[in-house]
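A.B. asks: My file is protein13.cif. It has mmCIF, C-alpha atoms and all ligand atoms:
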```
data_coords
loop_
_atom_site.label_atom_id
_atom_site.label_comp_id
_atom_site.auth_asym_id
_atom_site.auth_seq_id
_atom_site.Cartn_x
_atom_site.Cartn_y
_atom_site.Cartn_z
CA SER A 701 170.76 181.74 165.54
CA SER A 702 168.77 184.49 167.25
CA ARG A 703 171.26 187.01 165.82
CA GLN A 704 170.07 186.35 162.25
CA PRO A 705 168.77 189.59 160.73
CA LYS A 706 165.12 189.52 159.74
CA TYR A 707 165.64 192.26 157.14
CA LYS A 708 167.98 192.34 154.16
CA ARG A 709 167.73 196.11 153.61
CA ILE A 710 166.64 198.80 156.05
CA LEU A 711 166.13 202.54 155.91
CA LEU A 712 167.14 204.14 159.19
CA LYS A 713 165.83 207.62 159.95
CA LEU A 714 167.76 209.67 162.51
CA SER A 715 166.47 213.08 163.51
CA GLY A 716 168.90 215.98 163.53
CA GLU A 717 168.21 216.35 167.24
CA ALA A 718 169.50 212.84 167.85
CA LEU A 719 172.96 214.03 166.73
CA MET A 720 173.00 216.84 169.33
CA GLY A 721 173.32 214.50 172.28
CA THR A 722 173.35 216.71 175.34
CA GLU A 723 174.43 219.82 173.41
CA ALA A 724 171.93 222.62 172.70
CA PHE A 725 172.80 222.95 168.99
CA GLY A 726 174.89 221.23 166.37
CA ILE A 727 176.57 217.87 166.48
CA ASP A 728 178.07 215.85 169.31
CA PRO A 729 180.88 213.73 167.79
CA LYS A 730 180.52 211.19 170.62
CA VAL A 731 176.93 210.53 169.58
CA LEU A 732 177.97 210.09 165.96
CA ASP A 733 180.62 207.57 166.94
CA ARG A 734 178.17 205.57 169.05
CA MET A 735 175.71 205.49 166.15
CA SER A 736 178.47 204.41 163.76
CA LEU A 737 179.28 201.55 166.09
CA GLU A 738 175.65 200.41 166.11
CA ILE A 739 175.27 200.82 162.35
CA GLY A 740 178.52 198.88 161.91
CA GLN A 741 177.00 195.96 163.83
CA LEU A 742 174.22 195.78 161.23
CA VAL A 743 176.65 195.97 158.32
CA GLY A 744 178.67 193.24 160.06
CA ILE A 745 175.74 190.81 159.95
CA GLY A 746 175.09 191.58 156.28
CA VAL A 747 172.24 194.09 156.56
CA GLN A 748 172.14 196.76 153.83
CA VAL A 749 171.71 200.17 155.42
CA GLY A 750 170.22 203.32 153.90
CA LEU A 751 170.23 206.36 156.14
CA VAL A 752 168.21 209.56 156.18
CA ILE A 753 169.26 212.22 158.68
CA GLY A 754 167.18 215.25 159.61
CA GLY A 755 168.43 218.78 160.09
CA GLY A 756 166.49 220.01 163.11
CA ASN A 757 169.68 220.34 165.20
CA LEU A 758 170.76 223.14 162.83
CA PHE A 759 167.79 224.70 161.00
CA ARG A 760 164.11 224.08 160.47
CA GLY A 761 162.26 225.93 157.71
CA ALA A 762 159.06 226.37 159.70
CA ALA A 763 160.94 227.83 162.70
CA LEU A 764 162.87 230.28 160.50
CA HIS A 765 159.56 231.20 158.87
CA SER A 766 157.94 232.00 162.24
CA ALA A 767 160.89 234.31 162.84
CA GLY A 768 159.99 236.16 159.63
CA MET A 769 161.98 234.40 156.91
CA ASP A 770 160.50 233.30 153.60
CA ARG A 771 159.38 229.69 154.10
CA VAL A 772 160.94 228.27 150.95
CA THR A 773 164.30 229.89 151.78
CA GLY A 774 164.06 228.44 155.28
CA ASP A 775 163.34 225.00 153.87
CA HIS A 776 166.32 225.26 151.54
CA MET A 777 168.47 226.04 154.59
CA GLY A 778 166.93 223.10 156.41
CA MET A 779 167.79 220.77 153.54
CA LEU A 780 171.36 222.08 153.43
CA ALA A 781 171.57 221.38 157.17
CA THR A 782 170.79 217.70 156.48
CA VAL A 783 173.74 217.61 154.08
CA MET A 784 176.06 218.89 156.84
CA ASN A 785 174.77 216.18 159.16
CA ALA A 786 175.25 213.58 156.44
CA LEU A 787 178.88 214.63 155.91
CA ALA A 788 179.54 214.42 159.65
CA MET A 789 177.94 210.97 159.80
CA ARG A 790 179.96 209.74 156.81
CA ASP A 791 183.14 210.98 158.44
CA SER A 792 182.33 209.06 161.61
CA LEU A 793 181.28 205.88 159.74
CA GLU A 794 184.41 205.90 157.59
CA ARG A 795 186.62 206.35 160.64
CA SER A 796 184.98 203.11 161.82
CA ASN A 797 185.94 201.53 158.47
CA ILE A 798 182.37 201.43 157.18
CA GLN A 799 182.26 202.39 153.48
CA THR A 800 179.74 205.18 153.09
CA ARG A 801 178.22 207.14 150.22
CA VAL A 802 176.44 210.45 150.59
CA MET A 803 173.85 211.31 147.97
CA SER A 804 172.02 214.62 147.87
CA ALA A 805 168.66 215.50 146.37
CA ILE A 806 170.14 218.96 145.68
CA THR A 807 173.11 218.93 143.31
CA MET A 808 176.31 219.79 145.13
CA GLU A 809 179.07 218.68 142.83
CA GLY A 810 182.39 218.10 144.55
CA VAL A 811 180.73 217.64 147.93
CA THR A 812 178.23 214.81 147.46
CA GLU A 813 176.94 212.67 144.63
CA HIS A 814 173.56 213.60 143.24
CA TYR A 815 170.77 211.21 144.24
CA ASP A 816 170.43 208.47 141.66
CA ARG A 817 168.23 205.52 142.54
CA ARG A 818 170.00 202.95 140.36
CA LYS A 819 173.40 203.95 141.72
CA ALA A 820 172.03 203.82 145.25
CA LEU A 821 170.80 200.28 144.62
CA ARG A 822 174.25 199.25 143.38
CA TYR A 823 175.96 200.77 146.42
CA LEU A 824 173.53 199.16 148.83
CA GLY A 825 173.91 195.82 147.06
CA GLY A 826 177.68 196.16 147.44
CA GLY A 827 177.36 196.62 151.19
CA ASP A 828 178.03 200.36 151.37
CA VAL A 829 175.98 202.51 153.74
CA VAL A 830 174.12 205.10 151.66
CA ILE A 831 173.12 208.40 153.28
CA PHE A 832 170.30 210.12 151.41
CA SER A 833 170.65 213.83 152.19
CA ALA A 834 168.81 217.07 151.36
CA GLY A 835 165.47 215.40 152.11
CA THR A 836 163.20 215.11 149.09
CA GLY A 837 164.84 218.18 147.51
CA ASN A 838 161.54 220.07 147.83
CA PRO A 839 160.32 222.64 150.35
CA PHE A 840 157.24 221.87 152.51
CA PHE A 841 158.33 218.27 153.06
CA THR A 842 160.13 216.65 155.99
CA THR A 843 162.98 214.23 156.28
CA ASP A 844 160.47 211.69 157.66
CA THR A 845 158.73 211.84 154.29
CA ALA A 846 162.12 211.65 152.56
CA ALA A 847 162.96 208.51 154.58
CA CYS A 848 159.69 206.85 153.57
CA LEU A 849 160.10 207.89 149.94
CA ARG A 850 163.65 206.56 149.67
CA ALA A 851 162.69 203.35 151.50
CA ILE A 852 159.97 202.70 148.92
CA GLU A 853 162.23 203.64 146.01
CA VAL A 854 165.08 201.33 147.04
CA ASP A 855 162.66 198.59 148.13
CA ALA A 856 163.79 198.52 151.76
CA ASP A 857 162.11 195.94 154.01
CA VAL A 858 161.33 198.43 156.77
CA VAL A 859 161.73 202.04 157.88
CA LEU A 860 163.29 202.27 161.35
CA LYS A 861 162.61 205.62 162.97
CA ALA A 862 164.95 206.38 165.86
CA THR A 863 163.38 208.55 168.57
CA LYS A 864 164.01 209.52 172.18
CA VAL A 865 161.22 207.26 173.52
CA ASP A 866 160.70 203.52 173.14
CA GLY A 867 157.90 203.70 170.62
CA VAL A 868 154.45 205.16 170.11
CA TYR A 869 152.34 205.95 173.18
CA ASN A 870 148.71 206.99 173.60
CA ALA A 871 149.94 210.18 175.33
CA ASP A 872 153.30 211.92 175.76
CA PRO A 873 155.25 209.61 178.12
CA MET A 874 157.52 212.52 179.12
CA LYS A 875 154.48 214.36 180.53
CA ASP A 876 151.89 211.69 181.36
CA PRO A 877 152.98 208.88 183.75
CA ASP A 878 149.94 206.80 182.69
CA ALA A 879 150.87 206.83 179.00
CA VAL A 880 150.71 203.34 177.45
CA ARG A 881 152.96 202.13 174.64
CA PHE A 882 151.50 200.34 171.61
CA ASP A 883 153.34 197.20 170.42
CA ARG A 884 151.63 197.31 167.03
CA LEU A 885 149.44 199.75 165.16
CA SER A 886 147.86 199.90 161.72
CA TYR A 887 148.40 202.93 159.49
CA ASP A 888 144.70 203.79 159.90
CA GLN A 889 144.96 203.65 163.69
CA VAL A 890 147.84 206.11 163.55
CA LEU A 891 145.68 208.42 161.42
CA ASP A 892 142.39 207.92 163.35
CA LEU A 893 143.97 208.36 166.79
CA LYS A 894 146.01 211.32 165.48
CA LEU A 895 149.16 209.79 166.94
CA GLU A 896 152.22 211.93 166.38
CA VAL A 897 154.43 209.35 164.73
CA MET A 898 155.38 211.20 161.54
CA ASP A 899 153.67 213.85 159.44
CA LEU A 900 150.58 212.84 157.47
CA THR A 901 152.37 212.95 154.11
CA ALA A 902 154.82 210.30 155.36
CA ILE A 903 152.13 208.09 156.93
CA CYS A 904 149.93 208.20 153.82
CA LEU A 905 152.91 207.33 151.62
CA ILE A 906 153.86 204.23 153.62
CA ARG A 907 150.19 203.21 153.91
CA ASP A 908 149.74 203.43 150.13
CA HIS A 909 152.85 201.30 149.58
CA GLN A 910 152.51 198.97 152.59
CA MET A 911 155.97 199.88 153.88
CA PRO A 912 156.34 198.76 157.52
CA LEU A 913 157.64 201.28 160.04
CA ARG A 914 159.19 200.58 163.43
CA VAL A 915 159.61 203.40 165.94
CA PHE A 916 162.24 202.68 168.58
CA ASN A 917 164.56 204.37 171.07
CA MET A 918 168.05 204.77 169.67
CA ASN A 919 169.36 206.16 172.97
CA LYS A 920 169.02 202.63 174.32
CA PRO A 921 172.26 200.81 173.47
CA GLY A 922 171.59 197.71 171.37
CA ALA A 923 168.03 198.72 170.44
CA LEU A 924 168.88 199.12 166.75
CA LEU A 925 170.37 195.63 166.52
CA ASN A 926 167.40 194.23 168.45
CA ALA A 927 164.97 195.85 166.04
CA VAL A 928 166.79 194.21 163.14
CA VAL A 929 167.22 190.71 164.56
CA GLY A 930 163.58 190.58 165.50
CA SER A 931 163.37 190.96 169.25
CA ALA A 932 160.39 193.11 170.17
CA GLU A 933 161.56 196.70 170.23
CA GLY A 934 159.39 199.81 170.15
CA THR A 935 156.22 199.95 168.06
CA LEU A 936 155.61 198.29 164.69
CA ILE A 937 153.23 200.05 162.29
CA GLU A 938 151.94 198.06 159.32
CA GLY A 939 148.83 196.67 157.70
N1 LIG B 1001 163.22 219.98 154.54
C1 LIG B 1001 162.57 220.30 153.36
N2 LIG B 1001 162.23 219.29 152.50
C2 LIG B 1001 162.49 217.98 152.74
C3 LIG B 1001 163.13 217.65 153.96
C4 LIG B 1001 163.49 218.67 154.84
O1 LIG B 1001 162.31 221.46 153.08
O2 LIG B 1001 162.17 217.12 151.91
C5 LIG B 1001 163.68 221.07 155.43
C6 LIG B 1001 162.61 221.60 156.36
O3 LIG B 1001 162.79 222.99 156.51
C7 LIG B 1001 162.93 220.90 157.66
C8 LIG B 1001 164.44 220.84 157.62
O4 LIG B 1001 164.73 220.61 156.26
O5 LIG B 1001 162.47 221.60 158.78
C9 LIG B 1001 165.06 219.78 158.49
O6 LIG B 1001 164.40 218.55 158.33
P1 LIG B 1001 163.47 217.92 159.49
O7 LIG B 1001 162.72 219.01 160.21
O8 LIG B 1001 162.68 216.83 158.88
O9 LIG B 1001 164.59 217.34 160.44
P2 LIG B 1001 164.46 216.50 161.81
O10 LIG B 1001 163.21 216.97 162.52
O11 LIG B 1001 164.34 215.05 161.45
O12 LIG B 1001 165.72 216.81 162.53
#
```
Would you give me this structure, written as structure tokens?

C.D. replies:
Amino acid sequence: SSRQPKYKRILLKLSGEALMGTEAFGIDPKVLDRMSLEIGQLVGIGVQVGLVIGGGNLFRGAALHSAGMDRVTGDHMGMLATVMNALAMRDSLERSNIQTRVMSAITMEGVTEHYDRRKALRYLGGGDVVIFSAGTGNPFFTTDTAACLRAIEVDADVVLKATKVDGVYNADPMKDPDAVRFDRLSYDQVLDLKLEVMDLTAICLIRDHQMPLRVFNMNKPGALLNAVVGSAEGTLIEG
């Protein structure tokens, strides 16, 4: 049927800001519950789901640094923020009866499991949602890069990046009414046109490993499922 998933295993990247909803800071539990519902639909049709959540709703290293803080300390705080988001997401997913594991790139015994690729593969294979938290565990990286790295490590079929707009445009669609959306792009086009899709580290990583990326609008109900069953949704970057 048309509801057959086209991917066996996906890596979904949610920004921290996506969890804020209409709040100015922090987490909106209503948004978490809506996302859990949508993620549950994927699990329900047999898709294995890895999740990377950002931390920008709480702390960003670069922003703390501009306010005078040591950059590495700020990045450590940013990574800890992603763990808080991951715990909130797990809570919401488990209340929806979706078995969820949180792994952290920074050891936090008693709170999360430490990231272990082989364990993650077993959990994913068993149908559990796995949330990869604390980014890459290193300062000066982003959770976009962490999402691409984990996707490659666990051999996901695609990275799905949830944003506030329906894909990648040639200009900011919030500011420019003539902005045009791309259906498809190559990695080199993203780099040559300097399109702000993800940071360069992330783009170069997926280009080197030929990991496809789809950018789509998660605020649109049903868009996640559409992206997974193959209906055109957002912008596909590959090749
Ligand atoms: N961060 C980091 N290393 C990583 C991932 C994240 O140091 O591998 C820090 C960095 O300070 C970043 C913050 O965590 O600003 C939150 O992550 P990000 O900005 O990627 O979150 P998002 O924009 O997706 O909400």

A.B. asks: Just the residues within 10 Å of segment 729-739 of chain A, please, counting all atoms listed in the file, with nothing from its chain fewer than 3 positions along; format it as a count of residues only.

C.D. replies: 35

A.B. asks: May I ask you to write as number ranges by chain all residues lying at most 9 Å from ligand LIG 1001 (chain B), with all atoms listed in the file counted?

C.D. replies: A: 713-719, 752-764, 771-782, 805, 833-846

A.B. asks: Take atom CA of Leu824 of chain A and atom CA of Arg801 of chain A and report the distance between them in Å, one decimal.

C.D. replies: 9.4 Å

A.B. asks: Tell me which of A:Ala820, A:Leu905, A:Val897, A:Val830 sits closest to Cys848 of chain A, counting all atoms listed in the file.

C.D. replies: A:Leu905

A.B. asks: Can you work out the spacing between atom CA of Ile831 of chain A and atom CA of Gly750 of chain A in Å, to one decimal?

C.D. replies: 5.9 Å

A.B. asks: To one decimal place, how far is atom CA of Ala851 of chain A from atom CA of Tyr869 of chain A in Å?

C.D. replies: 24.2 Å

A.B. asks: Given the choices A:Ser886, A:Ser766, A:Thr800, A:Gln704, which gets closest to Gly740 of chain A if the distance is worked out from only C-alpha atoms?

C.D. replies: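 Smallest separation from Gly740 of chain A among the options: A:Thr800.
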
A.B. asks: From the list A:Asp770, A:Glu938, A:Glu723, A:Asp872, which residue is nearest Leu885 of chain A when using all atoms listed in the file?

C.D. replies: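 Answer, going by the shortest atom-to-atom distance: A:Glu938.
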
A.B. asks: Nearest to Lys920 of chain A: which of A:Ile710, A:Ile745, A:Ala862, A:Ala786 is it, counting only C-alpha atoms?

C.D. replies: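 Among the listed residues, the smallest separation from Lys920 of chain A belongs to A:Ala862.
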
A.B. asks: Pick out the residues sitting within 9 Å of Gly934 of chain A, and hand them over as a short mmCIF file (atom, residue, chain, number, x, y, z; two decimals) with C-alpha atoms, in the frame of the given file; count only C-alpha atoms, and ignore anything fewer than 3 positions along from it in its own chain.

C.D. replies:
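What ended up in around-v6.cif:
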```
data_model
loop_
_atom_site.label_atom_id
_atom_site.label_comp_id
_atom_site.auth_asym_id
_atom_site.auth_seq_id
_atom_site.Cartn_x
_atom_site.Cartn_y
_atom_site.Cartn_z
CA VAL A 865 161.22 207.26 173.52
CA ASP A 866 160.70 203.52 173.14
CA GLY A 867 157.90 203.70 170.62
CA VAL A 868 154.45 205.16 170.11
CA ARG A 881 152.96 202.13 174.64
CA PHE A 882 151.50 200.34 171.61
CA ASP A 883 153.34 197.20 170.42
CA ARG A 884 151.63 197.31 167.03
CA ARG A 914 159.19 200.58 163.43
CA VAL A 915 159.61 203.40 165.94
CA PHE A 916 162.24 202.68 168.58
CA ASN A 917 164.56 204.37 171.07
CA ALA A 923 168.03 198.72 170.44
CA ALA A 927 164.97 195.85 166.04
#
```

A.B. asks: Which one of A:Lys819, A:Lys894, A:His909, A:Tyr707 sits closest to Val858 of chain A if you count only C-alpha atoms?

C.D. replies: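 Smallest distance to Val858 of chain A is found for A:Tyr707.
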